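Data block for upload14.pdb (PDB, C-alpha atoms):
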```
ATOM      1  CA  MET C   1     -10.838 -54.939  -7.391
ATOM      2  CA  LYS C   2      -7.212 -55.152  -8.494
ATOM      3  CA  THR C   3      -7.695 -52.161 -10.797
ATOM      4  CA  ASN C   4      -9.118 -50.092  -7.951
ATOM      5  CA  LYS C   5      -6.182 -51.007  -5.708
ATOM      6  CA  THR C   6      -3.729 -50.084  -8.458
ATOM      7  CA  ARG C   7      -5.409 -46.724  -8.962
ATOM      8  CA  SER C   8      -5.386 -46.078  -5.221
ATOM      9  CA  SER C   9      -1.667 -46.889  -5.057
ATOM     10  CA  ILE C  10      -0.936 -44.545  -7.969
ATOM     11  CA  ARG C  11      -2.935 -41.752  -6.354
ATOM     12  CA  LEU C  12      -1.158 -42.275  -3.032
ATOM     13  CA  ALA C  13       2.232 -42.194  -4.745
ATOM     14  CA  ASP C  14       1.245 -39.020  -6.585
ATOM     15  CA  TRP C  15       0.192 -37.306  -3.377
ATOM     16  CA  LEU C  16       3.412 -38.399  -1.689
ATOM     17  CA  VAL C  17       5.385 -36.777  -4.508
ATOM     18  CA  PHE C  18       3.351 -33.584  -4.106
ATOM     19  CA  ALA C  19       3.789 -33.595  -0.324
ATOM     20  CA  GLY C  20       7.512 -34.271  -0.715
ATOM     21  CA  THR C  21       7.824 -31.280  -3.044
ATOM     22  CA  LEU C  22       6.194 -28.992  -0.492
ATOM     23  CA  LEU C  23       8.311 -30.403   2.347
ATOM     24  CA  LEU C  24      11.453 -29.797   0.311
ATOM     25  CA  ALA C  25      10.314 -26.206  -0.248
ATOM     26  CA  LEU C  26       9.871 -25.801   3.511
ATOM     27  CA  LEU C  27      13.354 -27.224   4.078
ATOM     28  CA  ILE C  28      14.881 -24.772   1.602
ATOM     29  CA  LEU C  29      13.001 -21.942   3.298
ATOM     30  CA  ARG C  30      14.287 -23.099   6.670
ATOM     31  CA  LEU C  31      17.893 -23.053   5.427
ATOM     32  CA  ALA C  32      17.497 -19.833   3.427
ATOM     33  CA  PRO C  33      19.886 -16.974   4.243
ATOM     34  CA  ALA C  34      18.625 -13.838   5.943
ATOM     35  CA  GLU C  35      18.893 -10.426   4.295
ATOM     36  CA  GLN C  36      20.813  -7.459   5.695
ATOM     37  CA  THR C  37      17.835  -5.094   5.848
ATOM     38  CA  LEU C  38      14.857  -7.429   6.267
ATOM     39  CA  GLY C  39      16.600 -10.083   8.342
ATOM     40  CA  GLN C  40      14.473 -13.220   8.714
ATOM     41  CA  GLY C  41      11.531 -11.288   7.288
ATOM     42  CA  ILE C  42      12.819 -12.124   3.837
ATOM     43  CA  ARG C  43      11.429 -15.655   4.227
ATOM     44  CA  ALA C  44       7.924 -14.349   3.546
ATOM     45  CA  VAL C  45       9.296 -12.479   0.531
ATOM     46  CA  TYR C  46      10.853 -15.692  -0.843
ATOM     47  CA  VAL C  47       7.479 -17.437  -0.784
ATOM     48  CA  HIS C  48       5.566 -14.397  -2.060
ATOM     49  CA  VAL C  49       7.828 -13.875  -5.072
ATOM     50  CA  ALA C  50       8.040 -17.580  -5.979
ATOM     51  CA  LEU C  51       4.267 -18.088  -5.761
ATOM     52  CA  THR C  52       3.573 -14.914  -7.724
ATOM     53  CA  TRP C  53       6.014 -15.764 -10.503
ATOM     54  CA  VAL C  54       4.699 -19.315 -10.819
ATOM     55  CA  GLY C  55       1.166 -17.938 -10.968
ATOM     56  CA  MET C  56       2.059 -15.377 -13.636
ATOM     57  CA  THR C  57       4.005 -17.951 -15.649
ATOM     58  CA  SER C  58       1.009 -20.287 -15.559
ATOM     59  CA  LEU C  59      -1.330 -17.505 -16.700
ATOM     60  CA  ALA C  60       1.055 -16.750 -19.565
ATOM     61  CA  VAL C  61       1.082 -20.436 -20.589
ATOM     62  CA  ALA C  62      -2.723 -20.505 -20.399
ATOM     63  CA  GLY C  63      -2.760 -17.443 -22.644
ATOM     64  CA  VAL C  64      -0.548 -19.111 -25.251
ATOM     65  CA  ILE C  65      -2.766 -22.203 -25.275
ATOM     66  CA  GLY C  66      -5.765 -19.874 -25.378
ATOM     67  CA  ALA C  67      -4.367 -18.334 -28.560
ATOM     68  CA  VAL C  68      -4.157 -21.824 -30.073
ATOM     69  CA  THR C  69      -7.784 -22.426 -29.097
ATOM     70  CA  LEU C  70      -8.821 -19.078 -30.545
ATOM     71  CA  PHE C  71      -7.549 -20.094 -33.980
ATOM     72  CA  THR C  72      -8.305 -23.837 -33.908
ATOM     73  CA  ALA C  73     -11.328 -24.253 -31.588
ATOM     74  CA  ASN C  74      -9.535 -27.306 -30.172
ATOM     75  CA  LEU C  75     -11.545 -28.513 -27.176
ATOM     76  CA  SER C  76      -8.619 -30.332 -25.552
ATOM     77  CA  ALA C  77      -6.440 -27.218 -25.725
ATOM     78  CA  GLN C  78      -9.263 -25.148 -24.285
ATOM     79  CA  ALA C  79      -9.701 -27.561 -21.381
ATOM     80  CA  TRP C  80      -5.989 -27.443 -20.572
ATOM     81  CA  SER C  81      -5.874 -23.653 -20.746
ATOM     82  CA  GLN C  82      -8.830 -23.539 -18.349
ATOM     83  CA  ARG C  83      -7.105 -25.863 -15.869
ATOM     84  CA  ILE C  84      -3.759 -24.076 -16.128
ATOM     85  CA  GLY C  85      -5.525 -20.746 -15.744
ATOM     86  CA  TRP C  86      -7.252 -21.791 -12.524
ATOM     87  CA  VAL C  87      -4.073 -23.243 -11.039
ATOM     88  CA  GLY C  88      -2.102 -20.157 -12.062
ATOM     89  CA  LEU C  89      -4.726 -17.854 -10.596
ATOM     90  CA  GLY C  90      -4.641 -19.860  -7.370
ATOM     91  CA  PHE C  91      -0.872 -19.528  -7.078
ATOM     92  CA  PHE C  92      -1.078 -15.826  -7.929
ATOM     93  CA  ALA C  93      -3.726 -15.318  -5.231
ATOM     94  CA  ALA C  94      -1.541 -17.195  -2.734
ATOM     95  CA  GLY C  95       1.381 -14.952  -3.679
ATOM     96  CA  LEU C  96      -0.802 -11.894  -3.129
ATOM     97  CA  LEU C  97      -1.768 -13.135   0.337
ATOM     98  CA  LEU C  98       1.899 -13.733   1.125
ATOM     99  CA  SER C  99       2.711 -10.195  -0.019
ATOM    100  CA  ILE C 100       0.254  -8.907   2.582
ATOM    101  CA  LEU C 101       1.938 -11.084   5.212
ATOM    102  CA  ALA C 102       5.395  -9.966   4.072
ATOM    103  CA  ALA C 103       4.368  -6.303   4.298
ATOM    104  CA  ARG C 104       2.959  -6.840   7.775
ATOM    105  CA  VAL C 105       6.069  -8.684   8.961
ATOM    106  CA  ASN C 106       8.609  -6.300   7.444
ATOM    107  CA  TRP C 107       6.865  -2.920   7.494
ATOM    108  CA  GLY C 108       4.046  -3.294  10.006
ATOM    109  CA  ALA C 109       1.115  -3.195   7.568
ATOM    110  CA  PRO C 110       0.289  -3.713   3.893
ATOM    111  CA  PHE C 111       0.157  -0.651   1.647
ATOM    112  CA  TRP C 112      -3.228  -0.997  -0.024
ATOM    113  CA  GLN C 113      -2.815   2.122  -2.182
ATOM    114  CA  GLU C 114       0.587   1.049  -3.507
ATOM    115  CA  PRO C 115       0.282   0.788  -7.334
ATOM    116  CA  ARG C 116       1.600  -2.778  -7.579
ATOM    117  CA  MET C 117      -0.836  -3.929  -4.875
ATOM    118  CA  ALA C 118      -3.737  -2.288  -6.713
ATOM    119  CA  ALA C 119      -2.562  -3.812 -10.006
ATOM    120  CA  ALA C 120      -2.374  -7.283  -8.447
ATOM    121  CA  LEU C 121      -5.903  -6.955  -7.045
ATOM    122  CA  ASN C 122      -7.206  -5.797 -10.439
ATOM    123  CA  LEU C 123      -5.466  -8.699 -12.166
ATOM    124  CA  LEU C 124      -6.942 -11.156  -9.676
ATOM    125  CA  ALA C 125     -10.442  -9.741 -10.210
ATOM    126  CA  PHE C 126     -10.092  -9.808 -14.005
ATOM    127  CA  GLY C 127      -8.704 -13.327 -13.796
ATOM    128  CA  LEU C 128     -11.674 -14.572 -11.787
ATOM    129  CA  ILE C 129     -14.071 -13.036 -14.301
ATOM    130  CA  THR C 130     -12.326 -14.585 -17.309
ATOM    131  CA  GLN C 131     -11.955 -18.006 -15.683
ATOM    132  CA  VAL C 132     -15.600 -18.179 -14.627
ATOM    133  CA  ALA C 133     -16.722 -16.957 -18.042
ATOM    134  CA  GLY C 134     -14.345 -19.403 -19.724
ATOM    135  CA  GLY C 135     -16.026 -22.302 -17.954
ATOM    136  CA  TRP C 136     -19.525 -21.052 -18.725
ATOM    137  CA  LEU C 137     -19.449 -19.837 -22.330
ATOM    138  CA  PRO C 138     -20.259 -22.524 -24.942
ATOM    139  CA  TRP C 139     -17.891 -21.218 -27.648
ATOM    140  CA  PRO C 140     -14.337 -22.643 -27.481
ATOM    141  CA  ARG C 141     -12.818 -19.846 -29.553
ATOM    142  CA  LEU C 142     -14.226 -17.198 -27.240
ATOM    143  CA  ARG C 143     -12.960 -19.129 -24.211
ATOM    144  CA  GLY C 144      -9.497 -19.232 -25.741
ATOM    145  CA  GLY C 145      -9.717 -15.533 -26.480
ATOM    146  CA  LEU C 146     -10.507 -14.831 -22.833
ATOM    147  CA  HIS C 147      -7.406 -16.696 -21.655
ATOM    148  CA  LEU C 148      -5.309 -14.816 -24.192
ATOM    149  CA  ALA C 149      -6.872 -11.530 -23.067
ATOM    150  CA  LEU C 150      -6.018 -12.290 -19.437
ATOM    151  CA  ALA C 151      -2.381 -12.991 -20.309
ATOM    152  CA  LEU C 152      -2.123  -9.810 -22.378
ATOM    153  CA  PHE C 153      -3.784  -7.784 -19.630
ATOM    154  CA  MET C 154      -1.300  -9.192 -17.121
ATOM    155  CA  VAL C 155       1.672  -8.194 -19.282
ATOM    156  CA  TRP C 156       0.224  -4.752 -19.931
ATOM    157  CA  VAL C 157      -0.690  -3.932 -16.336
ATOM    158  CA  MET C 158       2.718  -5.006 -15.035
ATOM    159  CA  ARG C 159       4.483  -2.880 -17.640
ATOM    160  CA  VAL C 160       2.513   0.328 -17.067
ATOM    161  CA  THR C 161       2.168   0.148 -13.272
ATOM    162  CA  PRO C 162       4.686   2.491 -11.614
ATOM    163  CA  LEU C 163       6.938   1.272  -8.817
ATOM    164  CA  VAL C 164       6.564   3.344  -5.659
ATOM    165  CA  LEU C 165       7.263   1.128  -2.663
ATOM    166  CA  HIS C 166       7.542  -2.200  -4.472
ATOM    167  CA  PRO C 167      11.110  -2.979  -5.662
ATOM    168  CA  ARG C 168      11.529  -3.846  -9.338
ATOM    169  CA  ASN C 169      13.185  -7.204  -8.768
ATOM    170  CA  PRO C 170      14.350  -7.749  -5.183
ATOM    171  CA  ILE C 171      15.718 -11.240  -5.840
ATOM    172  CA  SER C 172      17.725 -11.020  -9.051
ATOM    173  CA  SER C 173      19.065  -7.588  -8.092
ATOM    174  CA  SER C 174      20.450  -8.969  -4.829
ATOM    175  CA  SER C 175      24.207  -9.368  -4.582
ATOM    176  CA  SER C 176      23.764 -12.507  -2.456
ATOM    177  CA  ARG C 177      24.099 -15.726  -4.452
ATOM    178  CA  GLY C 178      22.436 -17.588  -1.571
ATOM    179  CA  ILE C 179      19.300 -15.436  -1.878
ATOM    180  CA  GLN C 180      19.174 -15.970  -5.639
ATOM    181  CA  VAL C 181      19.659 -19.737  -5.341
ATOM    182  CA  THR C 182      16.987 -19.933  -2.644
ATOM    183  CA  PHE C 183      14.478 -18.121  -4.819
ATOM    184  CA  ALA C 184      15.342 -20.281  -7.842
ATOM    185  CA  GLY C 185      14.808 -23.414  -5.765
ATOM    186  CA  MET C 186      11.491 -22.167  -4.386
ATOM    187  CA  PHE C 187      10.301 -21.166  -7.849
ATOM    188  CA  LEU C 188      11.249 -24.557  -9.305
ATOM    189  CA  LEU C 189       9.501 -26.502  -6.547
ATOM    190  CA  PHE C 190       6.333 -24.408  -6.721
ATOM    191  CA  ALA C 191       6.373 -24.782 -10.513
ATOM    192  CA  ILE C 192       6.576 -28.559 -10.076
ATOM    193  CA  ALA C 193       3.662 -28.412  -7.623
ATOM    194  CA  ALA C 194       1.586 -26.322 -10.052
ATOM    195  CA  THR C 195       2.375 -28.699 -12.912
ATOM    196  CA  TRP C 196       1.440 -31.687 -10.769
ATOM    197  CA  LEU C 197      -1.886 -30.145  -9.737
ATOM    198  CA  THR C 198      -2.753 -29.338 -13.346
ATOM    199  CA  TRP C 199      -1.748 -32.786 -14.574
ATOM    200  CA  ARG C 200      -3.734 -34.574 -11.858
ATOM    201  CA  TRP C 201      -6.748 -32.422 -12.645
ATOM    202  CA  GLY C 202      -6.481 -33.420 -16.277
ATOM    203  CA  GLN C 203      -6.125 -37.102 -15.390
ATOM    204  CA  ASN C 204      -9.208 -36.972 -13.182
ATOM    205  CA  ASP C 205     -11.216 -35.331 -15.963
ATOM    206  CA  HIS C 206     -10.118 -37.989 -18.465
ATOM    207  CA  GLN C 207     -11.028 -40.835 -16.086
ATOM    208  CA  ARG C 208     -14.457 -39.386 -15.329
ATOM    209  CA  PRO C 209     -17.155 -41.354 -17.185
ATOM    210  CA  ALA C 210     -19.014 -39.419 -19.852
ATOM    211  CA  LEU C 211     -22.632 -38.562 -19.070
TER     212      LEU C 211
END
```
I'd like the structure from this file rewritten - as structure tokens, please.
Amino acid sequence: MKTNKTRSSIRLADWLVFAGTLLLALLILRLAPAEQTLGQGIRAVYVHVALTWVGMTSLAVAGVIGAVTLFTANLSAQAWSQRIGWVGLGFFAAGLLLSILAARVNWGAPFWQEPRMAAALNLLAFGLITQVAGGWLPWPRLRGGLHLALALFMVWVMRVTPLVLHPRNPISSSSSRGIQVTFAGMFLLFAIAATWLTWRWGQNDHQRPAL
């Protein structure tokens, strides 16, 4: 009984940390400076860019661990790359949804034919295929290879996709230090949230009794 209470307290504390991280992100967003052209519409851009970058960073990390799995067939590494890949894909998908909202808020409607939008949709589709296949295939090396392939595809598609309406880097190219600091804070907090989700997932898997 005492063990169960201790575990419940730990889980509650963990969720409070996660909730506090998200609340802090909302506070930063509330205090974030407006932009000369977009005005308050830049708030959606802050969230979109931070979510997207955290998602892409996670997919890159999953790819690196996937490369380790490809050469070592390490089951633990493969499991972590699978978890990180799913969390990264979730954050990337959330960033894509926020890009649609940002386009609607700032320009009236999303531009579905815009090359970066099409590239993001293709990456999301390829990511879903590789993640589902990675959880289904019985060969660890092949699973690791899929995560590596997804990361390489992401790098390739972002390099070759032309910029038409999408700016190259709207945050770092801004002359406003407040905008840059806001984005850095949002990125850091979302990265903490993604790390927490992945870690908790791993802890739950380790505590699950073997069949």
What would the list of residues within 12 Å of (-3.7, -21.2, -14.6) (file frame) look like as a PyMOL selection string, if all atoms listed in the file are what count?
chain C and resi 52-66+78-93+124+127-128+130-131+134+147-148+150-151+191+194-195+197-199+201
If you apply the PyMOL selection byres ((chain C and resi 142) around 12) to this file, what residues do you get, as a short mmCIF file (atom, residue, chain, number, x, y, z; two decimals) with C-alpha atoms, in the coordinates of the input?
```cif
data_model
loop_
_atom_site.label_atom_id
_atom_site.label_comp_id
_atom_site.auth_asym_id
_atom_site.auth_seq_id
_atom_site.Cartn_x
_atom_site.Cartn_y
_atom_site.Cartn_z
CA GLY C 66 -5.76 -19.87 -25.38
CA ALA C 67 -4.37 -18.33 -28.56
CA VAL C 68 -4.16 -21.82 -30.07
CA THR C 69 -7.78 -22.43 -29.10
CA LEU C 70 -8.82 -19.08 -30.54
CA PHE C 71 -7.55 -20.09 -33.98
CA THR C 72 -8.30 -23.84 -33.91
CA ALA C 73 -11.33 -24.25 -31.59
CA ASN C 74 -9.54 -27.31 -30.17
CA LEU C 75 -11.54 -28.51 -27.18
CA GLN C 78 -9.26 -25.15 -24.28
CA THR C 130 -12.33 -14.58 -17.31
CA GLN C 131 -11.96 -18.01 -15.68
CA ALA C 133 -16.72 -16.96 -18.04
CA GLY C 134 -14.34 -19.40 -19.72
CA GLY C 135 -16.03 -22.30 -17.95
CA TRP C 136 -19.52 -21.05 -18.73
CA LEU C 137 -19.45 -19.84 -22.33
CA PRO C 138 -20.26 -22.52 -24.94
CA TRP C 139 -17.89 -21.22 -27.65
CA PRO C 140 -14.34 -22.64 -27.48
CA ARG C 141 -12.82 -19.85 -29.55
CA ARG C 143 -12.96 -19.13 -24.21
CA GLY C 144 -9.50 -19.23 -25.74
CA GLY C 145 -9.72 -15.53 -26.48
CA LEU C 146 -10.51 -14.83 -22.83
CA HIS C 147 -7.41 -16.70 -21.66
CA LEU C 148 -5.31 -14.82 -24.19
CA ALA C 149 -6.87 -11.53 -23.07
#
```
Written as a VMD selection string, which residues does the PyMOL selection byres ((chain C and resi 25-27) around 12) give for the file shown?
chain C and resid 18 to 24 28 to 32 43 to 44 46 to 47 50 to 51 182 to 193
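For the pair CA of Met117 in chain C and CA of Arg177 in chain C, the interatomic distance is 27.6 Å.
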Students should find that CA of Ile42 in chain C and CA of Ala102 in chain C are spaced 7.7 Å
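When all atoms listed in the file are used to measure the gap to Met158 in chain C, the shortest distance among C:Arg116, C:Arg104, C:His48, C:Arg200 belongs to C:Arg116.
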Might you spell out which residues the PyMOL selection byres ((chain C and resi 119) around 12) would select in the displayed file, as a list in words?
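Applied to this file, the PyMOL selection byres ((chain C and resi 119) around 12) returns Leu96, Trp112, Gln113, Glu114, Pro115, Arg116, Met117, Ala118, Ala120, Leu121, Asn122, Leu123, Leu124, Ala125, Phe126, Gly127, Phe153, Met154, Val155, Trp156, Val157, Met158, Arg159, Val160, Thr161, Pro162, Leu163 and His166 of chain C.
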Quick one, how far is CA of Ser76 in chain C from CA of Gly202 in chain C?
10.0 Å
